[in-house]
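To be precise, the following lines are query-v2.txt, and they hold compact mmCIF, C-alpha atoms and all ligand atoms.
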```
# COMPACT_ATOMS: atom_id res chain seq x y z
CA MET A 2 -54.02 76.40 -38.36
CA HIS A 3 -56.98 77.77 -36.50
CA ILE A 4 -59.43 80.55 -37.16
CA ARG A 5 -60.52 82.70 -34.28
CA ILE A 6 -64.27 82.79 -34.58
CA ALA A 7 -67.07 84.09 -32.44
CA SER A 8 -68.81 81.44 -30.39
CA SER A 9 -72.07 82.05 -32.20
CA SER A 10 -70.36 81.10 -35.44
CA THR A 11 -68.63 78.04 -34.04
CA LEU A 12 -71.82 76.02 -33.96
CA LEU A 13 -72.57 76.93 -37.55
CA LEU A 14 -69.06 75.99 -38.62
CA LEU A 15 -69.31 72.64 -36.87
CA THR A 16 -72.75 72.02 -38.30
CA LEU A 17 -71.53 72.68 -41.79
CA ALA A 18 -68.48 70.51 -41.30
CA THR A 19 -70.70 67.68 -40.13
CA ALA A 20 -73.00 68.14 -43.09
CA CYS A 21 -70.05 67.52 -45.39
CA ALA A 22 -68.85 64.47 -43.54
CA HIS A 23 -71.16 62.15 -45.41
CA ALA A 24 -70.05 63.23 -48.87
CA PRO A 25 -69.12 60.07 -50.77
CA SER A 26 -65.45 59.48 -51.28
CA GLY A 27 -65.82 57.56 -54.51
CA GLY A 28 -64.37 54.49 -52.90
CA ASN A 29 -60.78 55.69 -53.16
CA PRO A 30 -58.49 56.49 -50.26
CA ALA A 31 -59.19 60.04 -49.18
CA PRO A 32 -56.25 62.42 -49.48
CA ALA A 33 -55.31 64.59 -46.54
CA THR A 34 -56.96 67.54 -48.23
CA THR A 35 -60.45 66.03 -48.45
CA ALA A 36 -63.05 68.74 -47.98
CA CYS A 37 -63.80 69.55 -44.37
CA ALA A 38 -61.06 67.29 -43.05
CA ALA A 39 -59.05 70.30 -41.95
CA PRO A 40 -60.08 72.84 -39.33
CA ALA A 41 -61.29 76.28 -40.31
CA MET A 42 -63.07 75.05 -43.40
CA LEU A 43 -66.59 75.60 -44.62
CA CYS A 44 -68.12 73.22 -47.07
CA TRP A 45 -71.47 72.58 -48.66
CA ASP A 46 -72.58 69.37 -50.36
CA PHE A 47 -76.26 70.45 -50.53
CA GLU A 48 -77.45 67.10 -49.21
CA GLU A 49 -80.06 68.85 -47.05
CA GLY A 50 -81.99 69.21 -50.30
CA THR A 51 -82.62 72.92 -49.63
CA PRO A 52 -80.44 76.04 -49.57
CA PRO A 53 -77.94 75.59 -46.73
CA ALA A 54 -78.25 77.25 -43.35
CA GLY A 55 -77.06 80.84 -43.41
CA TRP A 56 -77.45 81.27 -47.17
CA THR A 57 -79.65 84.16 -48.28
CA ALA A 58 -80.86 85.06 -51.75
CA ARG A 59 -78.79 87.90 -53.19
CA ARG A 60 -79.68 88.39 -56.87
CA ASP A 61 -82.66 87.34 -58.98
CA GLU A 62 -82.76 88.94 -62.42
CA PHE A 63 -84.26 87.76 -65.71
CA SER A 64 -85.41 84.17 -66.32
CA GLY A 65 -84.49 80.95 -64.60
CA GLN A 66 -84.17 79.60 -61.09
CA LEU A 67 -81.48 78.94 -58.51
CA LEU A 68 -82.38 76.06 -56.24
CA VAL A 69 -81.06 72.92 -54.60
CA ASP A 70 -82.45 69.88 -56.38
CA ASP A 71 -81.66 66.29 -57.30
CA THR A 72 -81.48 66.61 -61.09
CA ARG A 73 -77.68 66.18 -61.16
CA ALA A 74 -75.08 65.82 -58.42
CA HIS A 75 -71.35 65.45 -58.24
CA GLY A 76 -71.59 63.77 -54.85
CA GLY A 77 -74.60 62.38 -53.06
CA ARG A 78 -78.04 63.25 -54.42
CA TYR A 79 -78.30 67.05 -54.44
CA ALA A 80 -76.47 70.05 -55.90
CA LEU A 81 -77.03 73.78 -56.33
CA HIS A 82 -78.79 74.15 -59.69
CA ALA A 83 -78.99 77.31 -61.79
CA ARG A 84 -81.83 76.16 -64.02
CA SER A 85 -82.57 77.44 -67.49
CA LEU A 86 -81.07 80.91 -67.12
CA SER A 87 -81.75 83.28 -70.00
CA GLY A 88 -82.45 86.90 -70.77
CA GLY A 89 -80.99 90.02 -72.30
CA LYS A 90 -78.78 90.23 -75.39
CA GLU A 91 -75.21 89.15 -75.92
CA GLY A 92 -72.94 92.17 -76.06
CA THR A 93 -75.37 94.27 -74.05
CA GLN A 94 -75.12 94.83 -70.31
CA GLY A 95 -77.81 93.07 -68.29
CA GLY A 96 -78.35 89.35 -68.02
CA PRO A 97 -79.75 86.64 -65.76
CA LYS A 98 -78.33 86.73 -62.25
CA LYS A 99 -79.24 84.19 -59.59
CA THR A 100 -77.14 84.00 -56.44
CA PHE A 101 -76.94 83.35 -52.72
CA ARG A 102 -74.65 85.10 -50.26
CA PHE A 103 -73.10 83.71 -47.11
CA ASP A 104 -71.59 85.83 -44.36
CA LEU A 105 -68.30 84.38 -43.15
CA PRO A 106 -67.43 83.88 -39.48
CA ALA A 107 -65.59 86.81 -37.94
CA HIS A 108 -61.83 86.92 -38.44
CA PHE A 109 -61.82 84.60 -41.43
CA GLY A 110 -58.52 86.10 -42.47
CA PRO A 111 -57.15 87.67 -45.67
CA VAL A 112 -56.47 84.46 -47.61
CA LEU A 113 -59.31 82.44 -49.08
CA TRP A 114 -58.86 79.15 -50.91
CA GLY A 115 -61.89 77.59 -52.54
CA ARG A 116 -63.05 74.63 -54.54
CA VAL A 117 -66.25 73.75 -56.39
CA TRP A 118 -67.35 71.17 -58.92
CA VAL A 119 -69.25 72.70 -61.85
CA TYR A 120 -71.32 71.16 -64.64
CA THR A 121 -72.46 73.39 -67.52
CA THR A 122 -74.82 72.57 -70.40
CA PRO A 123 -75.82 72.86 -73.26
CA GLU A 124 -73.52 75.62 -74.64
CA ARG A 125 -70.59 77.73 -73.48
CA PRO A 126 -71.81 81.29 -72.91
CA MET A 127 -69.95 84.13 -74.57
CA SER A 128 -71.08 86.56 -71.87
CA HIS A 129 -69.37 87.05 -68.53
CA ALA A 130 -70.71 84.38 -66.17
CA GLY A 131 -69.61 84.79 -62.55
CA LEU A 132 -69.62 81.63 -60.42
CA PHE A 133 -68.02 82.53 -57.09
CA SER A 134 -66.80 85.71 -55.44
CA ALA A 135 -65.46 86.73 -52.03
CA ARG A 136 -65.43 90.26 -50.57
CA TYR A 137 -63.56 92.15 -47.90
CA PRO A 138 -63.64 95.63 -46.34
CA ARG A 139 -61.38 98.29 -47.75
CA PRO A 140 -58.28 99.24 -45.74
CA GLY A 141 -59.18 101.07 -42.56
CA HIS A 142 -62.56 99.36 -42.29
CA THR A 143 -63.48 96.23 -40.39
CA SER A 144 -66.93 95.84 -41.86
CA GLY A 145 -69.03 97.38 -44.55
CA ALA A 146 -72.11 97.06 -46.68
CA PHE A 147 -71.94 94.59 -49.56
CA ASP A 148 -71.54 97.43 -52.06
CA ALA A 149 -68.55 98.91 -50.19
CA LEU A 150 -66.31 95.84 -50.36
CA ASP A 151 -63.36 94.95 -52.57
CA TRP A 152 -63.71 91.54 -54.16
CA TYR A 153 -62.26 88.65 -56.10
CA GLU A 154 -64.20 86.63 -58.67
CA VAL A 155 -63.99 83.34 -60.61
CA ALA A 156 -65.99 83.30 -63.83
CA THR A 157 -66.08 82.43 -67.50
CA TRP A 158 -66.09 84.82 -70.43
CA GLN A 159 -66.04 84.24 -74.16
CA GLN A 160 -66.29 80.52 -73.33
CA LYS A 161 -63.05 80.47 -71.31
CA TYR A 162 -62.19 80.61 -67.62
CA MET A 163 -61.54 84.06 -66.18
CA SER A 164 -60.64 85.65 -62.85
CA ILE A 165 -60.95 89.25 -61.71
CA TRP A 166 -60.02 91.61 -58.89
CA HIS A 167 -62.65 94.30 -58.40
CA PRO A 168 -63.14 97.49 -56.42
CA PRO A 169 -66.59 97.84 -54.79
CA GLU A 170 -69.67 97.12 -56.93
CA PRO A 171 -71.36 99.14 -58.22
CA PRO A 172 -69.64 99.84 -60.44
CA GLY A 173 -67.09 97.06 -59.70
CA PHE A 174 -64.49 98.57 -62.03
CA PRO A 175 -61.85 99.58 -63.06
CA GLU A 176 -61.16 95.89 -62.57
CA TRP A 177 -58.13 93.71 -63.26
CA VAL A 178 -59.21 90.94 -65.66
CA GLN A 179 -57.35 87.72 -66.40
CA VAL A 180 -58.63 85.45 -69.18
CA SER A 181 -57.32 81.93 -69.74
CA SER A 182 -56.93 80.06 -73.01
CA THR A 183 -58.84 77.12 -71.55
CA PRO A 184 -62.42 76.58 -72.76
CA LEU A 185 -64.90 75.99 -69.98
CA VAL A 186 -65.73 72.32 -69.55
CA LEU A 187 -69.08 71.47 -71.11
CA ASP A 188 -71.36 68.50 -70.35
CA ALA A 189 -69.04 67.10 -67.69
CA TRP A 190 -68.05 67.86 -64.11
CA ALA A 191 -64.99 70.04 -63.68
CA CYS A 192 -63.18 70.96 -60.48
CA LEU A 193 -62.35 74.63 -60.08
CA GLU A 194 -59.99 75.76 -57.31
CA TRP A 195 -58.97 79.30 -56.53
CA LEU A 196 -56.66 81.29 -54.29
CA PHE A 197 -57.63 84.81 -53.32
CA ASP A 198 -54.60 86.11 -51.42
CA GLY A 199 -55.61 89.49 -50.07
CA ALA A 200 -52.54 89.62 -47.80
CA ASN A 201 -49.82 88.83 -50.35
CA GLY A 202 -46.95 88.92 -47.89
CA ASP A 203 -44.98 92.15 -47.95
CA HIS A 204 -46.24 93.21 -51.37
CA PRO A 205 -47.97 96.59 -51.36
CA GLU A 206 -51.09 95.24 -53.08
CA ALA A 207 -53.31 92.18 -52.79
CA ALA A 208 -52.32 89.32 -55.08
CA THR A 209 -53.98 88.69 -58.40
CA PRO A 210 -56.33 85.68 -58.29
CA ARG A 211 -55.06 82.20 -59.13
CA VAL A 212 -57.29 79.41 -60.48
CA TRP A 213 -56.82 75.69 -61.11
CA LEU A 214 -58.92 73.42 -63.37
CA ASP A 215 -58.88 69.76 -62.38
CA GLY A 216 -55.67 70.38 -60.47
CA VAL A 217 -53.82 72.24 -63.24
CA GLU A 218 -53.21 75.95 -62.71
CA LEU A 219 -54.57 78.16 -65.47
CA ASP A 220 -52.43 80.79 -67.11
CA TRP A 221 -53.73 84.12 -68.30
CA PRO A 222 -52.60 85.08 -71.81
CA GLN A 223 -55.11 87.95 -71.74
CA GLN A 224 -54.78 90.46 -68.91
CA PHE A 225 -56.30 93.92 -69.00
CA VAL A 226 -58.11 96.65 -67.14
CA PHE A 227 -61.81 96.88 -67.83
CA SER A 228 -63.69 100.05 -67.10
CA ASP A 229 -66.62 101.95 -68.57
CA PRO A 230 -65.57 104.43 -69.82
CA PRO A 231 -62.22 102.75 -70.58
CA THR A 232 -59.08 103.61 -68.66
CA ALA A 233 -55.48 102.49 -68.94
CA THR A 234 -54.89 103.08 -65.25
CA GLN A 235 -54.71 99.86 -63.29
CA PRO A 236 -56.78 99.61 -60.12
CA VAL A 237 -54.89 99.57 -56.84
CA ARG A 238 -55.60 96.13 -55.41
CA GLU A 239 -56.24 97.10 -51.82
CA LYS A 240 -55.06 94.62 -49.23
CA ALA A 241 -57.41 92.57 -47.07
CA THR A 242 -57.61 91.96 -43.35
CA ASP A 243 -60.59 89.60 -43.33
CA PHE A 244 -62.85 88.26 -46.04
CA THR A 245 -66.40 88.82 -44.79
CA VAL A 246 -68.86 87.51 -47.37
CA VAL A 247 -69.00 85.11 -50.31
CA GLU A 248 -71.51 84.86 -53.14
CA THR A 249 -72.23 81.94 -55.44
CA GLY A 250 -74.67 80.94 -58.13
CA VAL A 251 -74.46 82.34 -61.67
CA ILE A 252 -74.26 86.00 -62.69
CA LEU A 253 -74.50 86.92 -66.36
CA TYR A 254 -73.33 90.50 -66.77
CA GLN A 255 -74.44 90.48 -70.40
CA GLY A 256 -77.31 88.70 -72.08
CA LEU A 257 -77.78 84.98 -72.50
CA THR A 258 -80.00 83.84 -75.37
CA VAL A 259 -79.53 80.06 -75.05
CA PRO A 260 -81.24 78.79 -71.87
CA THR A 261 -78.34 77.36 -69.91
CA ASP A 262 -78.03 75.16 -66.82
CA TRP A 263 -75.24 75.03 -64.27
CA TRP A 264 -74.86 72.69 -61.29
CA LEU A 265 -72.43 73.45 -58.47
CA ASP A 266 -71.60 70.82 -55.86
CA ASP A 267 -69.11 70.10 -53.09
CA LEU A 268 -68.29 73.78 -52.66
CA ALA A 269 -65.67 74.38 -49.98
CA ILE A 270 -63.61 77.30 -48.73
CA GLY A 271 -60.80 77.60 -46.22
CA ARG A 272 -57.47 79.13 -45.40
CA GLN A 273 -55.51 76.30 -46.99
CA ARG A 274 -55.71 74.56 -50.35
CA LEU A 275 -58.55 72.05 -50.31
CA GLY A 276 -57.88 69.97 -53.41
CA CYS A 277 -60.51 68.23 -55.50
CA GLY A 278 -60.80 65.18 -53.28
CA SER A 279 -60.72 61.67 -54.66
CA ASP A 280 -63.83 62.00 -56.81
CA CA B 301 -74.14 66.90 -53.37
```
Could you express the structure from this file as structure tokens?
Ligand SMILES: [Ca+2]
Amino acid sequence: MHIRIASSSTLLLLTLATACAHAPSGGNPAPATTACAAPAMLCWDFEEGTPPAGWTARRDEFSGQLLVDDTRAHGGRYALHARSLSGGKEGTQGGPKKTFRFDLPAHFGPVLWGRVWVYTTPERPMSHAGLFSARYPRPGHTSGAFDALDWYEVATWQQKYMSIWHPPEPPGFPEWVQVSSTPLVLDAWACLEWLFDGANGDHPEAATPRVWLDGVELDWPQQFVFSDPPTATQPVREKATDFTVVETGVILYQGLTVPTDWWLDDLAIGRQRLGCGSD
């Protein structure tokens, strides 16, 4: 499988692939799905020790920092660290948000698989904490400003994993919310994988997001439409032609009173499932 990409993006893609090549394998035989082993993948192990090439700061609200440092890593020495985020009140809109965005190569396609290792401490937040999202132009458009794009999200909420399909933000709703029964992993590394299938075959709408934790697919006993003011009408999940931008870091949509740290490492995205590697 190959992605048609502009020549200016090819160098970046190759550079990023090379940067991942020295990620430790843990000494075990590497499966065929090891990050960046396949073509048309982008992966980030943060071993440059600074925010990766092409990443730009997107959000910076309330207290804390988002940086690449060597305080904890899943592989190698460095990881992306959301340090001591806090601010706002639980149950009230507004909270610490620290993210980077990365513009995808042209013609990425409508299907985006992803994988990231996450470490969270010292407590599970109750508030909505977004970790990764990917956006695409609405039907009939080939590009668009960040705030005009439909998007998928992987997050936690009420201490459990969650995934969402959103219309453009703001306001980002009415949104289709799926909440798992699985508590977010605390004080240990966990591998999150996701599938954002904006094509969804012949179906009239984009697929709902799918998420795996350490290789096991999550189910969603809670599914509902969120909107403010509330509505019972489900959003139409508009289909994608090409994902164009991704965002990562940590976004608290409500307050966070306990200063909390997250580390993200060995982030990878592609058009095929990437797996969690041998680590
Ligand atoms: Ca690393």
Exercise for the section: For stretch 201-204 of chain A, list every protein, DNA or RNA residue within 9 Å, evaluated using all atoms listed in the file, and leave out those in the same chain fewer than 2 positions away; present the list as a list of chain:residue names. Expected result: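 Contacts, with the query itself left out: A:Pro111, A:Val112, A:Asp198, A:Gly199, A:Glu206, A:Ala207, A:Ala208, A:Lys240.
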Practice task
Select the residues contacting ligand CA 301 (chain B) at a distance of at most 12 Å, based on all atoms listed in the file, then format the selection as a PyMOL selection string.
Solution key: chain A and resi 20-26+44-53+69-82+117-119+264-269+280
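A straight line drawn from atom CA of A:Gly95 to atom CA of A:Leu214 is 27.7 Å long.
Atom CA of A:Tyr137 to atom CA of A:Pro210 spans 14.2 Å [interatomic distance, one decimal].
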Problem - Point-to-point distance in Å for atom CA of A:Leu67 and atom CA of A:Arg84 - result: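 Here the two named atoms are 6.2 Å from each other.
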Practice task
Quick one: everything within 6 Å of stretch 167-179 of chain A, counting all atoms listed in the file, minus sequence neighbours fewer than 6 positions away in the same chain. Send it as a PyMOL selection string.
Solution key: chain A and resi 148-152+221+223-228+236
Restricted to C-alpha atoms, what would the selected residues look like written as a PDB file, in the frame of the given file?
```
ATOM      1  CA  ASP A 148     -71.540  97.430 -52.060  1.00  0.00           C
ATOM      2  CA  ALA A 149     -68.550  98.910 -50.190  1.00  0.00           C
ATOM      3  CA  LEU A 150     -66.310  95.840 -50.360  1.00  0.00           C
ATOM      4  CA  ASP A 151     -63.360  94.950 -52.570  1.00  0.00           C
ATOM      5  CA  TRP A 152     -63.710  91.540 -54.160  1.00  0.00           C
ATOM      6  CA  TRP A 221     -53.730  84.120 -68.300  1.00  0.00           C
ATOM      7  CA  GLN A 223     -55.110  87.950 -71.740  1.00  0.00           C
ATOM      8  CA  GLN A 224     -54.780  90.460 -68.910  1.00  0.00           C
ATOM      9  CA  PHE A 225     -56.300  93.920 -69.000  1.00  0.00           C
ATOM     10  CA  VAL A 226     -58.110  96.650 -67.140  1.00  0.00           C
ATOM     11  CA  PHE A 227     -61.810  96.880 -67.830  1.00  0.00           C
ATOM     12  CA  SER A 228     -63.690 100.050 -67.100  1.00  0.00           C
ATOM     13  CA  PRO A 236     -56.780  99.610 -60.120  1.00  0.00           C
TER      14      PRO A 236
END
```
Taking all atoms of stretch 164-183 of chain A that the file lists and extending 6 Å past them on each side, where is the centre of the axis-aligned box and how long are its edges? Answer in Å to one decimal, as JSON.
```
{"center_x": -64.1, "center_y": 88.5, "center_z": -63.9, "size_x": 26.4, "size_y": 34.7, "size_z": 30.2}
```
Practice task
For each of A:Cys192, A:Val259, A:Val251, A:Met127, take the minimum atom-to-atom distance to A:Leu275, counting only C-alpha atoms, then give the residue where this is smallest.
Solution key: A:Cys192
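Considering the residues A:Thr245, A:Gln94, A:Ser64, A:Gln160 and counting only C-alpha atoms, A:Gly145 has its shortest atom-to-atom contact with A:Thr245.
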Exercise for the section: Identify which of the residues A:Asp215, A:Gly96, A:Arg274, A:Glu239 lies closest to A:Ala191, counting only C-alpha atoms when measuring atom-to-atom distances. Expected result: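 Nearest to A:Ala191: A:Asp215.
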